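**Student:** Please read through the structure below; I'll follow up with questions.
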Amino acid sequence: MKDRKEAEKRIKKLREEINRYRYQYHVLDSLEISEAALDSLKHELYELEQNDPDLITPNSPTQRVAGEPAKGFKKVTHQERMLSLEDVFSLEEVESWLERIQKLQPKATFDFYADPKMDGLAVTMIYRNGRLEIAATRGDGTVGEDVTHNIRTIEAVPLQLRTPTDGEVKKFIKKHEDQIDTQKAEATLRAHQGRLEIRGEVYMTKRQLEKLNRDLKKRNQPLLANPRNAAAGSIRQLDPKMAAERGLAFMAYGFLGDHGLDTTEARYDALRLIGFPVNAHGAYCSSIKQVHSLMVSVGRKRDALDYWIDGMVVSLNDRKLLSDLGVVGKTPRGMVAWKYPAEQGTTIVREIRVSVGRTGALTPVAVMDPVTLAGTTVTHASLHNEDEIKRLGLKVGDTVIVEKAGDVIPKVIQVLPNLRTGTERVFKMPRSCPICGSDVRRGAGEVATVCTNKGCFAQELARMLYFVGKSAMDIRGLGEKIVEQLIQEGLVREEADFFKLTPGDLEGLEGFAEVSAKKLVDEIQSHRQVPLARFINALGILHVGEETARDLATAFGSFEELRKATKEELEEVDGIGGKVSESILEFFRDPKQSERVDHLLEVVTPEQIRSRQFASHSPLSGTSWVFTGSLASMSRDEAKAKVRALGAHVTASVSKKTDYVVVGEDPGSKAEKAKHLGVERLSEKQFLDRI
Ligand code: IVH
């Protein structure tokens, strides 16, 4: 956001909205929107504040953990605040995190421990002399709720700490002895004396949540929306029996104090030894590259896991470094949550454009600020029809939640009306077709508005197919079925739009997956430079085909020159008469066409012809050639290209203006016609001699 005033307003709105959701999330255990959508709002706020740091206030949601413990539970003040983690979404963001901490610790070298980030509820458990004494939720980070009675029902949580065997302790010491205080560590493992506070995540397995929802459905009770809500709701049941029925699970990720365990890896190993489940996919990583490959390999297994994870928690392995780096706001500097790409996000609808499909149906399409969903950038979402816009209550300028589930077309699922500024505009379906201008009609009881001109879509499709076709832009992979879908979905309304497609836009279309979408976008992008003749041909000017386009390109050398050309100048070109020159002039005079061309020139550069001088000095320059029959030494197209390179032009039919007709094997009637008109005929050998 360029304007500071505007940023300030947006920040205020975002804070109000995030706080409202935060209360729902932390206190009511029922969040109206998904966590990914909320994350997206938070991320926007964070970035706006980073751009204008003096707008940061101490009570901004980015600066504190909000939410109050619910009534009905005893409050527990945490000995050490329960922190949260800064989210990062890409390798670049991880690298800039490392740069930041490297600046603070210039001498340090970093190694890591990466552990799957469970989608559940943080709890802390105090053990005294090895016995579970108190378990509490995070609450607002400082004060949580006493949920001991419920935590005790979770079998994964030891009520009494386990004492490892001698063999296990030995093995542990051997593995870690260079990095830990062995005496202190051994005492922690064996003796469990005094106070030990363990932290971890309570969660519900996928299977358990499905079973629970089946039961709730039978009893006509509201279903649990997601695993976090399920875990939180269960752990905050006042009746432990109810909580026990929910079949919760637990994994530990840390404990307070140092206990001689000076690496994160040793701490995870120790947790396992004293009886806590820790995530089996967590691992020591000697470099960020290793963390990245772990992230990818765990990501591949994600669907098959019986619990939900939304990323990897990356911690420095060296605990001293970690504690020296300290805490900024509510997050430790030495740890980040590297999140898997979100499938939901928030963005702003800038325009609602209307596309026309094969059946003539008008489809409104939201054109949005780019938003990254599940790793790809998305800029368009179909709104289907007028009623859907009404149902959503969507206005142009609204902030919306968009979702992209798997390989499905992105969808606007919700409007966030509280973020309105008052400048949003109501959308109205046009009364005439945006393509052909004919009347549109919406029948009684119908949802679709349709163009009354039956040929409308066909014309549009033909024009676009010609543009991308072999004689024009020559973009491979844009067949009829795909172009049809692109028009139908409103992704392509004019030629320039092909160049604005992102892999994310394509992934939802039939027949596309991540790899093929990227491949097509790369292919399109590789055509930003185009030979002038192809560019002229691609415009689809009436009476200007491949051949005339080449003649025009050779004659004018650049697109600007052609665009400026007068009727006389046009007609000086061999083969161009009044009908063609009129059509060209009319094309450039039409404001709609002119706008299309301007948009196209923003994304495509027609190459200037530099060989004109050379060509005009060649003995063949200015001569006119016709080819008929097949040649033995090269294809006809190659032969044509050769004479053109020498400044000659090639026409399709023989006339008095023709200088040479090259006659190959099995010639057509052109050879006869040449004879009749007295035009010089060349055999293949004679032709080769000439060139
Ligand atoms: S380490 C600063 N490890 O993520 C606290 N946390 O945003 C970091 N979480 O409230 C704790 N899985 O409940 C850690 N493997 C994991 C985790 C994990 C989930 C939660 C934790 C915390 C939140 C931080």
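Going through the structure tokens in order, the chains are called A, B, and so on, while each chain numbers its residues from 1 and the ligands are numbered from 1 in the order shown.
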Please provide as an MDAnalysis selection string all residues within 12 Å of Pro531 of chain A, with the sequence filter that same-chain residues fewer than 3 positions apart are discarded (counting only C-alpha atoms).

**Tutor:** chainID A and resid 471:474 527:528 534:538 549:550 553:554 557:559 604:610

**Student:** Output N, CA and C atoms of each residue in that selection to a file, as a compact mmCIF listing (two decimals), in the first residue's frame.

**Tutor:**
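Contents of the output file part_38.txt:
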```
# COMPACT_ATOMS: atom_id res chain seq x y z
N SER A 471 1.07 -20.22 -37.28
CA SER A 471 1.51 -19.16 -38.19
C SER A 471 1.62 -17.82 -37.46
N ALA A 472 1.16 -17.79 -36.20
CA ALA A 472 1.21 -16.52 -35.47
C ALA A 472 2.20 -16.64 -34.30
N MET A 473 1.72 -16.64 -33.06
CA MET A 473 2.67 -16.67 -31.94
C MET A 473 3.33 -18.03 -31.78
N ASP A 474 2.74 -19.04 -32.34
CA ASP A 474 3.31 -20.39 -32.32
C ASP A 474 3.62 -20.87 -30.89
N HIS A 527 7.79 -16.73 -25.40
CA HIS A 527 7.37 -16.09 -26.65
C HIS A 527 7.16 -14.60 -26.49
N ARG A 528 7.84 -14.01 -25.51
CA ARG A 528 7.67 -12.57 -25.33
C ARG A 528 8.37 -11.77 -26.44
N ARG A 534 5.26 -12.52 -37.66
CA ARG A 534 4.34 -13.35 -36.88
C ARG A 534 3.42 -12.49 -36.02
N PHE A 535 4.02 -11.45 -35.46
CA PHE A 535 3.24 -10.55 -34.61
C PHE A 535 2.11 -9.90 -35.42
N ILE A 536 2.46 -9.41 -36.62
CA ILE A 536 1.45 -8.76 -37.46
C ILE A 536 0.35 -9.76 -37.82
N ASN A 537 0.77 -10.95 -38.18
CA ASN A 537 -0.20 -11.98 -38.53
C ASN A 537 -1.11 -12.32 -37.34
N ALA A 538 -0.49 -12.36 -36.14
CA ALA A 538 -1.24 -12.77 -34.95
C ALA A 538 -2.38 -11.82 -34.61
N ALA A 549 1.45 -10.38 -44.03
CA ALA A 549 2.13 -9.96 -42.81
C ALA A 549 3.64 -9.92 -43.03
N ARG A 550 4.15 -10.91 -43.76
CA ARG A 550 5.60 -10.93 -44.05
C ARG A 550 5.99 -9.77 -44.93
N ALA A 553 6.05 -6.71 -42.85
CA ALA A 553 7.20 -6.70 -41.96
C ALA A 553 8.46 -6.29 -42.71
N THR A 554 8.65 -6.88 -43.89
CA THR A 554 9.86 -6.56 -44.67
C THR A 554 9.82 -5.10 -45.11
N GLY A 557 9.74 -2.84 -41.44
CA GLY A 557 10.88 -3.10 -40.55
C GLY A 557 10.55 -3.06 -39.07
N SER A 558 9.58 -2.23 -38.65
CA SER A 558 9.22 -2.22 -37.23
C SER A 558 7.72 -2.02 -37.11
N PHE A 559 7.17 -2.42 -35.96
CA PHE A 559 5.73 -2.32 -35.78
C PHE A 559 5.28 -0.86 -35.71
N VAL A 604 4.60 -8.20 -25.04
CA VAL A 604 5.30 -8.86 -26.15
C VAL A 604 6.12 -7.82 -26.92
N THR A 605 7.32 -8.20 -27.33
CA THR A 605 8.14 -7.30 -28.14
C THR A 605 8.30 -7.87 -29.54
N PRO A 606 7.71 -7.22 -30.55
CA PRO A 606 7.95 -7.67 -31.92
C PRO A 606 9.37 -7.27 -32.33
N GLU A 607 10.09 -8.22 -32.90
CA GLU A 607 11.49 -7.93 -33.25
C GLU A 607 11.54 -7.06 -34.49
N GLN A 608 12.44 -6.09 -34.47
CA GLN A 608 12.62 -5.24 -35.65
C GLN A 608 13.40 -6.03 -36.69
N ILE A 609 13.20 -5.69 -37.95
CA ILE A 609 13.97 -6.38 -38.98
C ILE A 609 15.22 -5.58 -39.27
N ARG A 610 16.38 -6.19 -38.97
CA ARG A 610 17.62 -5.46 -39.14
C ARG A 610 18.27 -5.75 -40.49
```

**Student:** Residues within 10 Å of ligand 1 (only C-alpha atoms and all ligand atoms), as a PyMOL selection string?

**Tutor:** chain A and resi 81-87+113-124+137-138+141+199-203+251-255+278-279+281-282+309-315+327+330-337

**Student:** Write down as JSON, numbers by chain the residues belonging to segment 446-652 of chain A that are assigned alpha helix (DSSP H) by DSSP computed on the backbone.

**Tutor:** {"A": [456, 457, 458, 459, 460, 461, 462, 463, 464, 465, 466, 467, 468, 480, 481, 482, 483, 484, 485, 486, 487, 488, 503, 504, 505, 506, 507, 514, 515, 516, 517, 518, 519, 520, 521, 522, 523, 524, 525, 532, 533, 534, 535, 536, 537, 538, 546, 547, 548, 549, 550, 551, 552, 553, 554, 555, 556, 559, 560, 561, 562, 563, 564, 567, 568, 569, 570, 571, 572, 578, 579, 580, 581, 582, 583, 584, 585, 586, 587, 588, 589, 591, 592, 593, 594, 595, 596, 597, 598, 599, 600, 601, 602, 603, 612, 613, 614, 615, 616, 617, 636, 637, 638, 639, 640, 641, 642, 643, 644, 645]}

**Student:** Considering only C-alpha atoms, state which residue in the set A:Arg228, A:Lys454, A:Arg589, A:Lys395 is at the smallest distance from Phe427 of chain A.

**Tutor:** A:Lys395

**Student:** Find the spatial neighbours of Arg358 of chain A, counting only C-alpha atoms, within a cut-off of 9 Å - ignore same-chain residues fewer than 2 positions away - and output them as an MDAnalysis selection string.

**Tutor:** chainID A and resid 356 360:361 456:458 461 484 487:488

**Student:** When DSSP is applied to the backbone of this structure, which of segment 120-324 of chain A are assigned strand (DSSP E or B)? Write them out as a PyMOL selection string.

**Tutor:** chain A and resi 121-128+131-137+143-146+160+195-204+248-255+263+283-285+309-316+318

**Student:** Create the file for the chosen residues now, containing C-alpha atoms and written as a compact mmCIF listing (two decimals), in the first residue's frame.

**Tutor:**
```txt
# COMPACT_ATOMS: atom_id res chain seq x y z
CA LEU A 121 -3.07 -27.50 21.47
CA ALA A 122 0.00 -26.57 23.53
CA VAL A 123 0.09 -27.84 27.08
CA THR A 124 2.65 -27.64 29.82
CA MET A 125 3.01 -30.29 32.50
CA ILE A 126 4.73 -29.98 35.82
CA TYR A 127 6.22 -33.14 37.28
CA ARG A 128 7.40 -33.19 40.86
CA ARG A 131 4.91 -37.46 39.24
CA LEU A 132 2.50 -35.47 37.13
CA GLU A 133 1.29 -32.64 39.36
CA ILE A 134 -0.27 -29.98 37.16
CA ALA A 135 -1.08 -29.72 33.49
CA ALA A 136 -2.16 -26.43 31.99
CA THR A 137 -3.12 -24.91 28.65
CA VAL A 143 -1.77 -17.47 32.51
CA GLY A 144 -3.35 -20.71 31.36
CA GLU A 145 -6.02 -23.06 32.65
CA ASP A 146 -5.56 -26.03 34.88
CA GLN A 160 4.99 -41.06 36.39
CA ARG A 195 10.51 -30.01 39.47
CA LEU A 196 10.52 -30.80 35.77
CA GLU A 197 8.26 -28.94 33.36
CA ILE A 198 7.52 -30.59 30.01
CA ARG A 199 5.84 -28.94 27.05
CA GLY A 200 4.15 -30.49 24.09
CA GLU A 201 1.12 -30.71 21.88
CA VAL A 202 -2.18 -32.42 22.62
CA TYR A 203 -3.85 -33.47 19.39
CA MET A 204 -6.58 -35.63 17.97
CA LEU A 248 -6.65 -37.56 22.57
CA ALA A 249 -2.96 -38.05 21.87
CA PHE A 250 0.16 -36.16 22.86
CA MET A 251 3.69 -35.47 21.64
CA ALA A 252 6.36 -33.66 23.63
CA TYR A 253 8.72 -31.08 22.17
CA GLY A 254 10.61 -29.55 25.04
CA PHE A 255 11.14 -28.79 28.70
CA THR A 263 21.47 -29.52 22.29
CA ALA A 283 15.48 -35.10 13.08
CA TYR A 284 18.84 -33.45 13.54
CA CYS A 285 19.89 -31.47 10.43
CA ILE A 309 0.80 -31.04 10.66
CA ASP A 310 1.09 -27.60 9.13
CA GLY A 311 4.86 -27.23 8.86
CA MET A 312 8.15 -27.96 10.59
CA VAL A 313 9.45 -26.27 13.71
CA VAL A 314 13.10 -25.45 13.03
CA SER A 315 15.22 -24.87 16.15
CA LEU A 316 18.89 -24.13 16.52
CA ASP A 318 22.78 -25.31 20.22
```
